[in-house]
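Shown here: query-v7.cif, mmCIF, C-alpha atoms.
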data_coords
#
loop_
_atom_site.label_atom_id
_atom_site.label_comp_id
_atom_site.auth_asym_id
_atom_site.auth_seq_id
_atom_site.Cartn_x
_atom_site.Cartn_y
_atom_site.Cartn_z
CA MET N 1 62.92 102.29 140.78
CA THR N 2 65.20 104.05 138.27
CA SER N 3 68.18 102.59 136.50
CA GLU N 4 70.42 103.59 133.58
CA VAL N 5 72.64 101.54 131.33
CA SER N 6 76.04 103.20 131.53
CA GLN N 7 77.99 103.85 128.39
CA VAL N 8 80.92 101.51 127.89
CA SER N 9 84.05 102.50 125.99
CA LEU N 10 84.09 99.56 123.63
CA SER N 11 87.25 100.79 121.93
CA GLU N 12 89.11 99.93 125.14
CA LEU N 13 88.05 96.27 125.19
CA PRO N 14 90.83 93.67 124.79
CA MET N 15 90.91 93.38 121.01
CA ASP N 16 91.71 89.67 120.90
CA ASN N 17 88.57 88.92 122.95
CA TRP N 18 86.33 91.89 122.30
CA MET N 19 83.20 89.83 121.56
CA ALA N 20 83.58 87.91 124.82
CA HIS N 21 83.79 91.24 126.69
CA LEU N 22 80.78 92.94 125.11
CA PRO N 23 78.32 94.29 127.69
CA SER N 24 75.32 92.04 128.33
CA ALA N 25 73.03 94.66 126.77
CA LEU N 26 74.45 93.61 123.39
CA TRP N 27 74.26 89.85 123.84
CA GLU N 28 70.90 89.61 122.09
CA THR N 29 71.71 91.93 119.21
CA PRO N 30 71.92 90.01 115.92
CA LEU N 31 75.46 90.02 114.50
CA CYS N 32 74.11 91.35 111.20
CA TYR N 33 73.05 94.50 113.07
CA MET N 34 76.38 95.02 114.81
CA ALA N 35 79.48 96.87 113.60
CA ILE N 36 82.18 94.30 112.81
CA PRO N 37 85.73 95.14 111.65
CA GLY N 38 86.91 93.30 108.55
CA SER N 39 90.05 92.75 106.53
CA HIS N 40 89.96 93.30 102.75
CA ASN N 41 92.28 90.94 100.86
CA ALA N 42 93.22 89.47 104.21
CA ILE N 43 95.94 87.09 103.01
CA THR N 44 98.24 89.36 101.01
CA TYR N 45 100.99 89.58 103.62
CA CYS N 46 102.64 86.49 102.16
CA LEU N 47 102.66 87.10 98.41
CA ASP N 48 105.40 85.21 96.57
CA ARG N 49 108.37 87.57 96.35
CA ASN N 50 110.72 85.03 94.78
CA ASP N 51 109.30 85.37 91.26
CA ARG N 52 108.08 81.77 91.28
CA SER N 53 104.49 82.93 91.02
CA PRO N 54 103.12 84.18 87.72
CA VAL N 55 101.04 87.34 87.68
CA ASP N 56 97.45 86.23 88.18
CA PRO N 57 95.34 86.00 84.99
CA THR N 58 92.92 88.71 86.10
CA GLN N 59 95.61 91.33 85.53
CA PRO N 60 95.68 93.29 82.24
CA ASP N 61 97.30 91.52 79.27
CA MET N 62 99.89 94.27 78.96
CA LEU N 63 101.01 93.78 82.56
CA GLN N 64 101.28 90.03 82.06
CA LYS N 65 103.44 90.51 78.95
CA LEU N 66 105.67 93.07 80.64
CA ASP N 67 106.06 90.78 83.63
CA LYS N 68 107.09 87.92 81.38
CA TYR N 69 109.87 89.85 79.63
CA MET N 70 110.79 92.54 82.18
CA LYS N 71 110.22 90.75 85.48
CA PRO N 72 113.05 92.46 87.47
CA ILE N 73 111.53 95.85 86.67
CA ILE N 74 107.84 94.98 86.85
CA ARG N 75 107.66 92.75 89.94
CA PRO N 76 108.61 95.35 92.59
CA PHE N 77 105.98 97.59 91.01
CA VAL N 78 103.34 94.81 91.24
CA TYR N 79 104.12 94.06 94.90
CA LYS N 80 103.79 97.71 95.90
CA TRP N 81 100.18 97.75 94.74
CA ALA N 82 99.19 94.16 95.55
CA ILE N 83 99.91 93.95 99.28
CA ALA N 84 96.82 95.08 101.20
CA GLN N 85 97.71 93.67 104.64
CA GLU N 86 101.13 93.38 106.25
CA SER N 87 100.03 91.56 109.42
CA SER N 88 99.55 87.80 109.56
CA ILE N 89 96.09 86.29 109.96
CA ARG N 90 96.81 85.56 113.62
CA GLU N 91 97.91 89.16 114.20
CA GLN N 92 94.79 90.44 112.46
CA LEU N 93 92.53 88.29 114.64
CA ASP N 94 94.43 89.34 117.77
CA SER N 95 93.88 92.95 116.72
CA GLY N 96 90.09 92.46 116.50
CA VAL N 97 89.37 91.52 112.88
CA ARG N 98 86.27 89.29 112.68
CA TYR N 99 85.60 89.26 108.92
CA CYS N 100 88.19 88.02 106.42
CA ASP N 101 88.00 88.54 102.67
CA LEU N 102 89.60 85.38 101.21
CA ARG N 103 90.28 85.17 97.46
CA ILE N 104 91.04 81.64 96.38
CA ALA N 105 93.00 80.34 93.38
CA HIS N 106 94.60 77.26 91.91
CA ARG N 107 97.92 78.11 90.30
CA PRO N 108 98.09 77.51 86.55
CA ASN N 109 100.13 74.49 85.48
CA ASP N 110 100.12 73.15 89.05
CA SER N 111 99.57 69.38 89.06
CA SER N 112 98.73 69.34 92.77
CA ASN N 113 95.38 70.15 94.38
CA ASP N 114 96.90 72.86 96.55
CA LEU N 115 94.97 76.13 96.68
CA TYR N 116 96.41 79.57 97.38
CA PHE N 117 95.27 83.14 97.89
CA TYR N 118 96.03 85.80 95.30
CA HIS N 119 96.06 89.49 94.56
CA GLY N 120 98.26 90.40 91.62
CA VAL N 121 100.39 87.31 92.34
CA TYR N 122 99.85 84.17 94.39
CA THR N 123 100.71 83.57 98.04
CA THR N 124 103.44 81.29 99.33
CA ILE N 125 101.18 79.62 101.89
CA THR N 126 98.21 77.42 101.07
CA VAL N 127 94.56 77.90 101.99
CA GLU N 128 94.61 74.84 104.24
CA MET N 129 97.55 76.23 106.23
CA VAL N 130 95.67 79.47 106.90
CA LEU N 131 92.43 77.67 107.83
CA LYS N 132 94.31 75.55 110.36
CA GLU N 133 95.91 78.68 111.81
CA ILE N 134 92.47 80.26 112.22
CA ARG N 135 91.20 77.06 113.88
CA GLU N 136 94.10 77.10 116.35
CA TRP N 137 93.34 80.72 117.19
CA LEU N 138 89.64 79.97 117.73
CA ASP N 139 90.49 77.10 120.08
CA VAL N 140 92.04 79.56 122.52
CA HIS N 141 89.36 82.23 121.92
CA PRO N 142 86.16 80.19 122.41
CA LYS N 143 83.79 83.17 122.56
CA GLU N 144 84.87 84.90 119.37
CA VAL N 145 83.00 84.51 116.06
CA VAL N 146 84.70 84.98 112.69
CA ILE N 147 83.12 85.38 109.26
CA LEU N 148 85.19 83.91 106.42
CA SER N 149 84.20 85.05 102.95
CA PHE N 150 85.46 82.76 100.17
CA SER N 151 85.14 84.52 96.83
CA HIS N 152 86.78 85.56 93.53
CA PHE N 153 87.59 81.94 92.77
CA LEU N 154 90.25 81.61 90.09
CA GLY N 155 91.08 78.37 88.26
CA LEU N 156 88.98 76.08 90.48
CA SER N 157 87.26 73.10 88.90
CA GLN N 158 84.17 71.57 90.46
CA GLU N 159 86.45 68.91 91.92
CA LEU N 160 88.66 71.53 93.57
CA HIS N 161 85.58 73.27 95.01
CA THR N 162 84.52 69.94 96.48
CA LEU N 163 87.96 69.41 98.00
CA LEU N 164 87.98 72.95 99.43
CA VAL N 165 84.56 72.50 101.03
CA SER N 166 85.72 69.19 102.50
CA SER N 167 88.81 70.91 103.93
CA ILE N 168 86.66 73.67 105.47
CA LYS N 169 84.43 71.07 107.14
CA ASN N 170 87.35 68.99 108.39
CA VAL N 171 89.24 71.94 109.84
CA PHE N 172 86.35 73.72 111.60
CA ASP N 173 83.98 70.80 112.20
CA SER N 174 81.37 71.68 114.86
CA LYS N 175 82.55 75.30 115.00
CA LEU N 176 80.76 75.90 111.67
CA CYS N 177 77.41 77.63 112.01
CA PRO N 178 74.95 76.05 109.52
CA LYS N 179 73.09 78.41 107.22
CA MET N 180 69.71 77.03 108.28
CA VAL N 181 70.23 79.21 111.34
CA LEU N 182 69.30 82.34 109.45
CA THR N 183 66.57 83.86 111.59
CA LYS N 184 67.77 86.95 113.38
CA CYS N 185 67.05 85.55 116.83
CA PHE N 186 69.60 82.80 116.19
CA GLN N 187 72.30 85.30 115.22
CA TYR N 188 72.59 86.56 118.79
CA ILE N 189 76.02 86.32 120.41
CA THR N 190 74.48 84.20 123.16
CA PHE N 191 73.28 81.65 120.60
CA PHE N 192 76.79 81.23 119.19
CA PHE N 193 78.17 80.88 122.72
CA SER N 194 75.61 78.23 123.67
CA GLN N 195 76.05 76.16 120.50
CA GLY N 196 79.83 76.40 120.25
CA HIS N 197 79.57 77.89 116.76
CA GLN N 198 82.45 80.23 115.93
CA VAL N 199 82.66 80.28 112.14
CA ILE N 200 80.32 81.60 109.47
CA VAL N 201 81.49 80.65 105.97
CA SER N 202 80.24 82.77 103.08
CA TYR N 203 80.88 81.00 99.76
CA GLU N 204 80.48 82.72 96.38
CA HIS N 205 79.68 79.64 94.29
CA ASN N 206 76.59 77.56 93.57
CA ILE N 207 78.08 74.63 95.51
CA ALA N 208 76.82 76.51 98.58
CA ASN N 209 73.33 75.31 97.62
CA TYR N 210 74.31 71.75 98.56
CA HIS N 211 76.09 72.26 101.87
CA ARG N 212 74.35 73.40 105.05
CA GLU N 213 77.68 74.66 106.40
CA LEU N 214 78.07 77.22 103.59
CA TRP N 215 76.21 80.51 103.76
CA PHE N 216 75.39 82.31 100.54
CA HIS N 217 77.69 85.10 99.46
CA ILE N 218 77.66 88.14 101.74
CA PRO N 219 77.24 91.33 99.65
CA TYR N 220 80.30 93.61 99.53
CA TRP N 221 79.82 97.29 98.81
CA TRP N 222 82.83 98.32 96.71
CA ALA N 223 83.10 101.95 95.64
CA ASN N 224 85.94 101.48 93.11
CA LYS N 225 87.42 104.90 93.94
CA CYS N 226 90.99 106.06 94.53
CA LYS N 227 90.04 109.14 96.56
CA ALA N 228 88.53 109.04 100.04
CA GLU N 229 86.05 111.84 99.29
CA ALA N 230 84.70 110.03 96.21
CA LEU N 231 84.40 106.75 98.15
CA ILE N 232 82.43 108.45 100.92
CA GLU N 233 80.13 110.14 98.40
CA GLU N 234 79.41 106.76 96.77
CA PHE N 235 78.56 105.08 100.08
CA GLU N 236 76.35 107.95 101.20
CA ARG N 237 74.41 107.50 97.96
CA ARG N 238 74.04 103.75 98.55
CA LYS N 239 72.94 104.25 102.14
CA GLN N 240 69.94 106.23 100.95
CA ASN N 241 68.60 103.09 99.27
CA GLY N 242 68.76 101.11 102.51
CA ARG N 243 70.95 98.33 103.82
CA PRO N 244 70.59 94.67 102.76
CA GLY N 245 68.56 92.48 105.09
CA GLY N 246 71.34 90.29 106.48
CA PHE N 247 75.10 90.51 106.72
CA PHE N 248 76.80 92.92 104.33
CA VAL N 249 80.17 94.59 103.98
CA THR N 250 81.09 98.20 103.36
CA GLY N 251 84.60 98.18 101.93
CA ILE N 252 86.46 101.41 102.63
CA ASN N 253 89.37 100.04 100.62
CA LEU N 254 90.55 102.46 97.95
CA THR N 255 91.16 101.19 94.43
CA GLU N 256 94.02 102.56 92.35
CA ASP N 257 93.63 102.97 88.61
CA LEU N 258 96.37 103.17 85.97
CA LYS N 259 96.17 106.94 85.87
CA TYR N 260 96.71 107.19 89.62
CA ILE N 261 99.62 104.74 89.59
CA CYS N 262 101.37 106.50 86.72
CA SER N 263 100.98 109.87 88.41
CA HIS N 264 102.37 108.49 91.70
CA PRO N 265 105.30 106.34 90.51
CA THR N 266 107.15 106.32 93.84
CA GLU N 267 104.12 105.49 95.99
CA SER N 268 102.44 102.23 97.00
CA LEU N 269 98.97 101.06 97.97
CA LYS N 270 99.95 101.53 101.60
CA ASP N 271 100.96 105.16 100.97
CA MET N 272 97.61 105.83 99.33
CA VAL N 273 95.63 104.09 102.08
CA MET N 274 97.43 105.57 105.07
CA SER N 275 97.19 109.12 103.72
CA ALA N 276 93.42 108.65 103.33
CA TYR N 277 92.75 107.03 106.71
CA PRO N 278 92.18 110.29 108.66
CA ILE N 279 89.33 111.22 106.31
CA LEU N 280 87.96 107.67 106.15
CA LEU N 281 88.00 107.15 109.91
CA SER N 282 86.34 110.51 110.46
CA TRP N 283 83.49 109.25 108.27
CA VAL N 284 83.41 105.83 109.97
CA LYS N 285 82.99 107.49 113.38
CA GLN N 286 79.75 109.06 112.13
CA GLN N 287 78.21 105.72 111.11
CA LYS N 288 75.73 103.64 113.07
CA PRO N 289 75.03 99.90 113.06
CA GLY N 290 71.51 98.52 113.32
CA SER N 291 68.52 97.68 111.14
CA ASN N 292 67.60 101.18 110.02
CA THR N 293 68.09 102.62 106.55
CA GLY N 294 71.63 103.93 106.35
CA SER N 295 72.97 101.55 108.99
CA LEU N 296 76.22 99.67 108.37
CA ASN N 297 77.31 96.17 109.43
CA ILE N 298 80.75 94.82 108.53
CA ILE N 299 83.30 97.50 107.61
CA ALA N 300 86.42 96.25 105.84
CA GLY N 301 89.64 98.03 105.00
CA ASP N 302 93.30 97.65 104.04
CA PHE N 303 96.25 97.65 106.45
CA VAL N 304 93.74 97.32 109.26
CA THR N 305 96.29 96.90 112.06
CA GLU N 306 98.17 100.05 111.08
CA SER N 307 95.68 102.60 112.40
CA ARG N 308 92.76 103.02 114.81
CA PHE N 309 90.46 101.41 112.26
CA ILE N 310 89.50 98.33 114.31
CA PRO N 311 88.69 99.98 117.68
CA THR N 312 86.88 102.75 115.79
CA VAL N 313 84.55 100.21 114.15
CA ILE N 314 83.97 98.27 117.37
CA ALA N 315 83.12 101.50 119.23
CA LEU N 316 80.21 102.10 116.83
CA ASN N 317 78.32 99.43 118.78
CA GLU N 318 77.97 101.92 121.61
CA ASN N 319 75.12 103.33 119.50
CA LEU N 320 73.22 100.09 120.15
CA LEU N 321 73.44 100.31 123.93
CA LYS N 322 70.35 101.52 125.77
CA ARG N 323 71.04 104.94 127.19
CA THR N 324 67.52 105.83 128.22
CA ILE N 325 66.34 105.85 131.79
CA ILE N 326 63.96 103.01 132.59
CA THR N 327 61.42 103.75 135.25
CA GLU N 328 59.57 100.95 136.98
CA PRO N 329 56.51 101.49 139.24
#
Would you put the structure from the file into structure tokens?
Amino acid sequence: MTSEVSQVSLSELPMDNWMAHLPSALWETPLCYMAIPGSHNAITYCLDRNDRSPVDPTQPDMLQKLDKYMKPIIRPFVYKWAIAQESSIREQLDSGVRYCDLRIAHRPNDSSNDLYFYHGVYTTITVEMVLKEIREWLDVHPKEVVILSFSHFLGLSQELHTLLVSSIKNVFDSKLCPKMVLTKCFQYITFFFSQGHQVIVSYEHNIANYHRELWFHIPYWWANKCKAEALIEEFERRKQNGRPGGFFVTGINLTEDLKYICSHPTESLKDMVMSAYPILLSWVKQQKPGSNTGSLNIIAGDFVTESRFIPTVIALNENLLKRTIITEP
């Protein structure tokens, strides 16, 4: 008896439910060996445009001083290079994003315990509001798994970390996959389906040591380049040393430097990213997921709903499908 597993065009799956529609041949592939599309600086579509937010303290001192005394001139400039996503979190998830890069901050001189996201400036919506929106989305997409990476904490005391962890637990409850489930066999899609787990929380702080619901920080490969060719060269070099053992992210997000910004005064981060996407996606198409040296896992980018980035990443999982002919006696 001879049979063959037919190739499936994974890029044509319904993006809001692509995990639920994966062919059965992939159901027992660990998620850390699959290609997963991610969103870099996922919550930058709602940065405070009303000048109520100070520039975040990670920005250069000169920029903070200029913003203080020349806000009407400086702020539009800051926004142009701070917004990395224009689609809401719900729109990103509907488009197929399954990894979200979440950068958390407590605003300076804020007497409340409210936490926000930030990139250059702070967001108008709180962390809890976004988490509840993700929970609502998961409730109507019961076979999708999302990875939420909490990192780059700014201005959080130990008490605020404790409150944030409590909020994460309260919002997602039994949907949280505990980190004790680390063996590869338990990372199969079928395991998540059977247990009702839909959320993996990566937390870049030592408080993760004390909570079974918090996974340790997922490594993020960042090239720190403003040109697509230089970014690709950096990642090709890293691939030669082998992939990390578990989940990891390859960030194809370009990073502007002061020289680039000054030499492109009329442009924005989006202009830089969109002009580079043809080269970047051409490279992405050549990548393969899996456990081998040089394999990739999560691939994150900017303005992820504005191109063919998401279906291109998902289609890489076709490399994992069995295409050989199986002959039985």
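If you look at atom CA of Gln158 of chain N and atom CA of Val171 of chain N, they are 20.0 Å away from each other.
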Worksheet item: Around (94.0, 96.9, 110.3) in the file's own coordinates, what residues are found within 9 Å if you use all atoms listed in the file, given back as a list in words?
Response: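 Final list of nearby residues, as requested, is Pro37, Gly38, Ser39, Gln85, Glu86, Ser87, Gln92, Ser95, Gly96, Val97, Ala300, Gly301, Asp302, Phe303, Val304, Thr305, Glu306, Ser307, Arg308, Phe309 and Ile310 of chain N.
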Discussion item. Between N:Met272, N:Ile83, N:Ser149, N:Ile314, which residue has the minimum interatomic distance to Pro14 of chain N, considering only C-alpha atoms?
Written reply: N:Ile314
Practice prompt. Tell me which of N:Lys80, N:His141, N:Arg212, N:His264 sits closest to Gly120 of chain N, counting only C-alpha atoms.
Written response: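 Residue with the minimum atom-to-atom distance to Gly120 of chain N: N:Lys80.
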Worksheet entry | Which of N:Asp139, N:Asp56, N:Asp101, N:Glu144 sits closest to Asp16 of chain N [using only C-alpha atoms] | N:Glu144
Would you kindly return, as a CSV table (one decimal) with C-alpha atoms, keeping the file's coordinate frame, each protein, DNA or RNA residue with an atom no farther than 12 Å from any atom of Ala82 of chain N, considering only C-alpha atoms and excluding same-chain residues fewer than 2 positions away?
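Printed below is around_26.csv as written:
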chain,number,residue,atom,x,y,z
N,40,HIS,CA,90.0,93.3,102.8
N,41,ASN,CA,92.3,90.9,100.9
N,42,ALA,CA,93.2,89.5,104.2
N,43,ILE,CA,95.9,87.1,103.0
N,44,THR,CA,98.2,89.4,101.0
N,45,TYR,CA,101.0,89.6,103.6
N,46,CYS,CA,102.6,86.5,102.2
N,47,LEU,CA,102.7,87.1,98.4
N,48,ASP,CA,105.4,85.2,96.6
N,49,ARG,CA,108.4,87.6,96.4
N,55,VAL,CA,101.0,87.3,87.7
N,56,ASP,CA,97.4,86.2,88.2
N,59,GLN,CA,95.6,91.3,85.5
N,75,ARG,CA,107.7,92.8,89.9
N,76,PRO,CA,108.6,95.4,92.6
N,77,PHE,CA,106.0,97.6,91.0
N,78,VAL,CA,103.3,94.8,91.2
N,79,TYR,CA,104.1,94.1,94.9
N,80,LYS,CA,103.8,97.7,95.9
N,84,ALA,CA,96.8,95.1,101.2
N,85,GLN,CA,97.7,93.7,104.6
N,86,GLU,CA,101.1,93.4,106.2
N,117,PHE,CA,95.3,83.1,97.9
N,118,TYR,CA,96.0,85.8,95.3
N,119,HIS,CA,96.1,89.5,94.6
N,120,GLY,CA,98.3,90.4,91.6
N,121,VAL,CA,100.4,87.3,92.3
N,122,TYR,CA,99.8,84.2,94.4
N,123,THR,CA,100.7,83.6,98.0
N,255,THR,CA,91.2,101.2,94.4
N,256,GLU,CA,94.0,102.6,92.4
N,268,SER,CA,102.4,102.2,97.0
N,269,LEU,CA,99.0,101.1,98.0
N,270,LYS,CA,100.0,101.5,101.6
N,302,ASP,CA,93.3,97.6,104.0
N,303,PHE,CA,96.2,97.6,106.4
Would you give me, as a tab-separated table, each residue of segment 232-303 of chain N having an atom within 10 Å of an atom of segment 20-30 of chain N, along with its shortest atom pair and that distance in Å to one decimal, using only C-alpha atoms and sorting by chain and residue number?
residue	atom	partner	partner_atom	distance
N:Gly246	CA	N:Pro30	CA	9.5
N:Phe247	CA	N:Pro30	CA	9.7
N:Gly290	CA	N:Thr29	CA	8.8
N:Ser291	CA	N:Pro30	CA	9.7
Practice prompt. Quote the spacing between atom CA of Asn109 of chain N and atom CA of Ser202 of chain N in Å to one decimal place.
Written response: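 Distance reported for this atom pair: 27.8 Å.
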Item to complete: Compare N:Tyr220, N:His152, N:Phe192, N:Glu128 by their minimum atom-to-atom distance to Asn170 of chain N, counting all atoms listed in the file, and give me the closest one.
Response: N:Glu128
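Using all atoms listed in the file, the shortest contact distance between Ser88 of chain N and any of N:Ala223, N:Leu163, N:Ile168, N:Val130 is found at N:Val130.
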Discussion item. Under the PyMOL selection byres ((chain N and resi 194-199) around 12), which residues of this model are included? Write them out as a PyMOL selection string.
Written reply: chain N and resi 19-20+27+98-100+131+134-135+137-149+168-169+171-179+181+186-193+200-202+213-215
Practice prompt. Rounded to one decimal place, report the atom CA of Asp257 of chain N-atom CA of Phe150 of chain N distance in Å.
Written response: 24.7 Å
Item to complete: Can you give me, as a ChimeraX atom specification, the residues this file yields under the PyMOL selection byres ((chain N and resi 228-239) around 9)?
Response: /N:221-227,240-243,250,252-254,273,276-277,279-280,283,293-296
Selection under test: the PyMOL selection byres ((chain N and resi 105) around 7); residues as a PDB file with C-alpha atoms, in the frame of the given file:
ATOM      1  CA  ARG N 103      90.280  85.170  97.460  1.00  0.00           C
ATOM      2  CA  ILE N 104      91.040  81.640  96.380  1.00  0.00           C
ATOM      3  CA  HIS N 106      94.600  77.260  91.910  1.00  0.00           C
ATOM      4  CA  ARG N 107      97.920  78.110  90.300  1.00  0.00           C
ATOM      5  CA  LEU N 115      94.970  76.130  96.680  1.00  0.00           C
ATOM      6  CA  TYR N 116      96.410  79.570  97.380  1.00  0.00           C
ATOM      7  CA  PHE N 117      95.270  83.140  97.890  1.00  0.00           C
ATOM      8  CA  TYR N 118      96.030  85.800  95.300  1.00  0.00           C
ATOM      9  CA  PHE N 153      87.590  81.940  92.770  1.00  0.00           C
ATOM     10  CA  LEU N 154      90.250  81.610  90.090  1.00  0.00           C
ATOM     11  CA  GLY N 155      91.080  78.370  88.260  1.00  0.00           C
ATOM     12  CA  LEU N 156      88.980  76.080  90.480  1.00  0.00           C
TER      13      LEU N 156
END
Can you tell me, as lines of an AutoDock Vina configuration file, the centre and edge lengths (Å, one decimal) of the axis-aligned box enclosing all of segment 220-228 of chain N's listed atoms after padding each side by 5 Å?
center_x = 85.4
center_y = 101.4
center_z = 96.6
size_x = 21.2
size_y = 25.5
size_z = 16.9
Response to the item:
Nearest to Ser282 of chain N, restricted to only C-alpha atoms and choosing among N:Thr266, N:Asn209, N:Gln64, N:Thr312, comes out as N:Thr312
Worksheet item: Could you pull the residues within 10 Å of Asn319 of chain N, counting only C-alpha atoms, minus those fewer than 5 positions along the same chain, as a ChimeraX atom specification?
Response: /N:7,34-35,287-290
